[in-house]
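Below is one structure, written out as structure tokens, with a few remarks after it.
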Number of protein chains: 2
Amino acid sequence: MIEKRKMVKRKVRQRRVSSVDVAREAGVSQATVSRVFNQKKGTNVSEETVEKIMAAAKKINYRPSVIARSLQENTTNIIGIINRRFDSSFHMKSLDLFSRELQKQGYTTLLLNLPLDGSMDSTLYKALEYQVDGIILTSANLTSSLASECQNYDTPVVQFNRYSLYQEVDSVCLDNYRAGVDVGSYLVELNHKRIGYVSGVVGSSTSVDRKKGLEEGLGRAGLSLACEYVGGMTHQSGCRAADSFFGGVAKDSWPDAVFCITDDVAVGFIDQARSIYGVNIPEDVSVVGFDDAPIAKWPQYKLTTVSQPIETMVMEAIDILLDLIKYEKSGVTKKMIPGSLVPRSTVKDRN
Amino acid sequence: MIEKRKMVKRKVRQRRVSSVDVAREAGVSQATVSRVFNQKKGTNVSEETVEKIMAAAKKINYRPSVIARSLQENTTNIIGIINRRFDSSFHMKSLDLFSRELQKQGYTTLLLNLPLDGSMDSTLYKALEYQVDGIILTSANLTSSLASECQNYDTPVVQFNRYSLYQEVDSVCLDNYRAGVDVGSYLVELNHKRIGYVSGVVGSSTSVDRKKGLEEGLGRAGLSLACEYVGGMTHQSGCRAADSFFGGVAKDSWPDAVFCITDDVAVGFIDQARSIYGVNIPEDVSVVGFDDAPIAKWPQYKLTTVSQPIETMVMEAIDILLDLIKYEKSGVTKKMIPGSLVPRSTVKDRN
DNA sequence: CTGAAAGCGCTAACAA
DNA sequence: TTGTTAGCGCTTTCAG
């Protein structure tokens, strides 16, 4: 393989056909060609010349260079999306929506990955170097120094799925705390007494906020968390949680309700609980998930869960970002979107 | 909202700090600054000047413009990934791998969406206008006219997950036909007689090739397809397939094995078959899926399936693309990657 | 309505 | 080792 490569000519990219070529072909000036390909307001070029130019362009296969235009205009029409990982249907769906909607609005998406370990500095600088017009930062918090760096470059950032801690950063995020409160109150209302929590990765603010909310909801009824398991966002992790709650535990020490960080986790929890420990859901234990992923609707689960209005969230984030791009900044927007509890069949009324 | 916007100043992007500014600050020429920020071979700049320049750069917060560099060098270090939709774990995972690996190799990913209906022309032109260095086209076939368009622009394309029909286009694709044959032979070997197929969307070559392979595998034993259901790639669609095969059908007309286009579909099929029609899997009916998605390993399914080596496929595609970018083209590479059958517990030996 | 010319920020050949 | 200069392909005054 190496051998083959060595024998092969290195490639030299040839000059691309430019507006100058079109101008020559059409017998007009380059400026006029530029005018024609600039569909802005009041481009005053005669019908006749336009046609000549279009014909010439088609003939020699001309297509304007976005790069050169970007250099001139100091704007790229590219939005950088910085992502940590696609580890759930939530991330996948939101990325899909972002890129589709941005494309619809005339922007293109530059996809950048955060290293799984280590800091986000280099990734962010990369986006800045590419002179993206704006940045969507998913599931991560901008540090204040990085935030001011972005300000230096006049590049707006909107955090998505993470409430911004740093005062100046705009963000769109589900109100995880309130969702937690809602779940807690709901369970309390239905007379649950021993409530457990299965969280996601340590330190994820999403996870922490939901827990705090849940505790608040319980606290109002004088209850506190009965048990907790800290794992990941996978089915597997839900199984381990069930092991931890039921394995070698006397039945009267079981929780009577469990709130899981994700539908996937909830499903794993249910599967393991049912098949290994003979737990009846919801008769013995109620379960609540999060996301309202497709699997929550499957007939064997009919999972009670909290739905996130992903579309709304994405649209909000795009609106905010494009406003920041087009208009002078006037204040910070931190949008909290409420989730909504979707009652199905995995929670029992114990009254 | 509209009101608010009207009151707000339109934003004018200010000039960014450039190498000229650094040069002035450091008291050297702009070219020298450029040399310092060009970590190429033998940049002969004295230690002293380098330090002066770096200090100045840091002071005024300079960061080179990739755009200007791209214009000059006629190369952007951007790879365009053209995607139709993220509708399966396969697409999600491969996109994740692509962007991570490309980033590791010094490239950045421009994500472009194919319209769900309509042609891919405009999307492809968009990539060309951005002067991407190369294109990964996922789950779609390049037409020959578009292919030659790309050649005009000297922009290599590698098709991913679709065997290229047009002679000149490179591609990396699972050998779906062979996988179909393998599944067919396997089922025949285990003495199945009435074999059904649950396909994906109409016209998807992936789906068609697997079916043809399956038929070939059966044909060798003098068998042909007993029944078929054409749906989508979802759990839901698997349920409908079960309805179609078992609903109002006498037990002795049931298939004794079913090959599903996707693990998700297979799981839907199994769920519905078990819960609604009382079918025992695999005693009554064997089931084979595709992808070896995480759910295939769940204890309640232990799905026999075909695994796709996504990592290998992605790496191959990247290798081919980067070679095409760096070296003069010498022949077309159409890589067929074999899948591998993963026997678990949903197929019964009927000998 | 159209052309000439300057300049966006950078690289690279050529001189010094 | 460093500076001068000429572009890369485009947009945009400013004249005509």
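Residues are referred to by chain and number: the chain letter is A, B, ... according to the order shown in the structure tokens, the number counts from 1 in that chain, and ligands are numbered separately from 1 in the order shown.
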
Could you list, as a PDB file with C-alpha atoms, in the first residue's frame, every residue within 8 Å of Val306 of chain B, counting only C-alpha atoms (C1' of nucleotides) and ignoring same-chain residues fewer than 4 positions away?
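Writing the result to around-v8.pdb gives the following:
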ATOM      1  CA  ALA B 179     -25.107 -11.749   3.620  1.00  0.00           C
ATOM      2  CA  VAL B 288     -32.912 -13.416  11.888  1.00  0.00           C
ATOM      3  CA  GLY B 289     -32.174  -9.694  12.101  1.00  0.00           C
ATOM      4  CA  PHE B 290     -29.549  -7.382  10.688  1.00  0.00           C
ATOM      5  CA  ASP B 291     -26.979  -4.953  12.174  1.00  0.00           C
ATOM      6  CA  ASP B 292     -26.218  -6.504  15.534  1.00  0.00           C
ATOM      7  CA  GLY B 339     -20.970  -9.203   7.092  1.00  0.00           C
ATOM      8  CA  SER B 340     -20.865 -12.001   9.612  1.00  0.00           C
ATOM      9  CA  LEU B 341     -23.659 -14.112  10.920  1.00  0.00           C
ATOM     10  CA  VAL B 342     -23.994 -13.962  14.686  1.00  0.00           C
TER      11      VAL B 342
END

Could you list, as a PyMOL selection string, every residue of chain C that has an atom within 8 Å of an atom of chain B, counting only C-alpha atoms (C1' of nucleotides)?
-> chain C and resi 9-11

Could you list, as a list of chain:residue names, the residues of chain D having an atom within 10 Å of chain A when counting only C-alpha atoms (C1' of nucleotides)?
-> D:DC8, D:DG9, D:DC10, D:DT11, D:DT12

Those in segment 168-221 of chain A with strand (DSSP E or B) from DSSP, as a list in words = Asp170, Ser171, Val172, Cys173, Leu174, Ile195, Gly196, Tyr197, Val198 and Ser199 of chain A

Using DSSP on the backbone coordinates, identify all residues within segment 41-257 of chain B classified as alpha helix (DSSP H); present the result as a ChimeraX atom specification.
-> /B:47-60,66-73,89-104,121-129,144-152,176-189,205-219,235-246

So which residues touch DT1 of chain D within 7 Å, counting only C-alpha atoms (C1' of nucleotides), skipping near sequence neighbours fewer than 3 positions away, as number ranges by chain?
-> B: 44-46

Could you write out that same residue set with N, CA and C atoms as a JSON list (two decimals), in the first residue's frame?
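For reference, selection_34.json as written:
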[["chain", "number", "residue", "atom", "x", "y", "z"],
["B", 44, "ASN", "N", 12.28, 28.97, 8.15],
["B", 44, "ASN", "CA", 13.47, 29.54, 8.77],
["B", 44, "ASN", "C", 13.21, 30.92, 9.34],
["B", 45, "VAL", "N", 12.81, 30.91, 10.57],
["B", 45, "VAL", "CA", 12.63, 32.17, 11.26],
["B", 45, "VAL", "C", 13.42, 32.08, 12.56],
["B", 46, "SER", "N", 14.10, 33.13, 12.90],
["B", 46, "SER", "CA", 14.94, 33.07, 14.10],
["B", 46, "SER", "C", 14.08, 32.95, 15.36]]

Which residues of chain A come within 8 Å of chain B, and for each one, what is the closest pair of atoms and their distance in Å to one decimal, counting only C-alpha atoms, sorted by chain and residue number, as CSV?
residue,atom,partner,partner_atom,distance
A:Arg5,CA,B:Tyr327,CA,7.4
A:Val8,CA,B:Tyr327,CA,6.3
A:Lys9,CA,B:Glu328,CA,5.5
A:Arg10,CA,B:Tyr327,CA,4.6
A:Lys11,CA,B:Tyr327,CA,4.7
A:Arg13,CA,B:Asn74,CA,7.0
A:Arg15,CA,B:Asn74,CA,7.6
A:Arg16,CA,B:Tyr153,CA,7.2
A:Arg63,CA,B:Glu129,CA,6.6
A:Pro64,CA,B:Glu129,CA,6.5
A:Ser65,CA,B:Glu129,CA,5.5
A:Val66,CA,B:Tyr130,CA,5.3
A:Ile67,CA,B:Leu71,CA,6.2
A:Ala68,CA,B:Leu71,CA,6.1
A:Ser70,CA,B:Ile67,CA,7.2
A:Leu71,CA,B:Ala68,CA,6.1
A:Asn74,CA,B:Arg13,CA,7.0
A:Thr75,CA,B:Arg13,CA,7.9
A:Arg85,CA,B:Asp96,CA,7.4
A:Phe86,CA,B:Asp96,CA,6.8
A:Met92,CA,B:Met92,CA,6.7
A:Lys93,CA,B:Phe86,CA,7.7
A:Asp96,CA,B:Phe86,CA,6.8
A:Ser99,CA,B:Asn113,CA,7.2
A:Arg100,CA,B:Asn113,CA,6.3
A:Gln103,CA,B:Asn113,CA,7.7
A:Thr108,CA,B:Leu112,CA,7.1
A:Thr109,CA,B:Leu111,CA,5.3
A:Leu110,CA,B:Leu110,CA,4.5
A:Leu111,CA,B:Thr109,CA,5.3
A:Leu112,CA,B:Thr108,CA,7.1
A:Asn113,CA,B:Arg100,CA,6.3
A:Glu129,CA,B:Ser65,CA,5.5
A:Tyr130,CA,B:Val66,CA,5.3
A:Gln131,CA,B:Ser65,CA,7.2
A:Tyr153,CA,B:Arg16,CA,7.2
A:Asp154,CA,B:Arg13,CA,7.4
A:Asp271,CA,B:Gln300,CA,7.9
A:Gln300,CA,B:Asp271,CA,7.9
A:Ile325,CA,B:Lys11,CA,7.4
A:Lys326,CA,B:Lys11,CA,5.5
A:Tyr327,CA,B:Arg10,CA,4.6
A:Glu328,CA,B:Lys11,CA,5.1

Who sits within 10 Å of segment 3-5 of chain D, only C-alpha atoms (C1' of nucleotides), same chain under 5 positions skipped, as a list in words |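 The contact residues come out as Val28, Ser29, Gln30, Ala31 and Thr32 of chain B; DA13, DC14, DA15 and DA16 of chain C.
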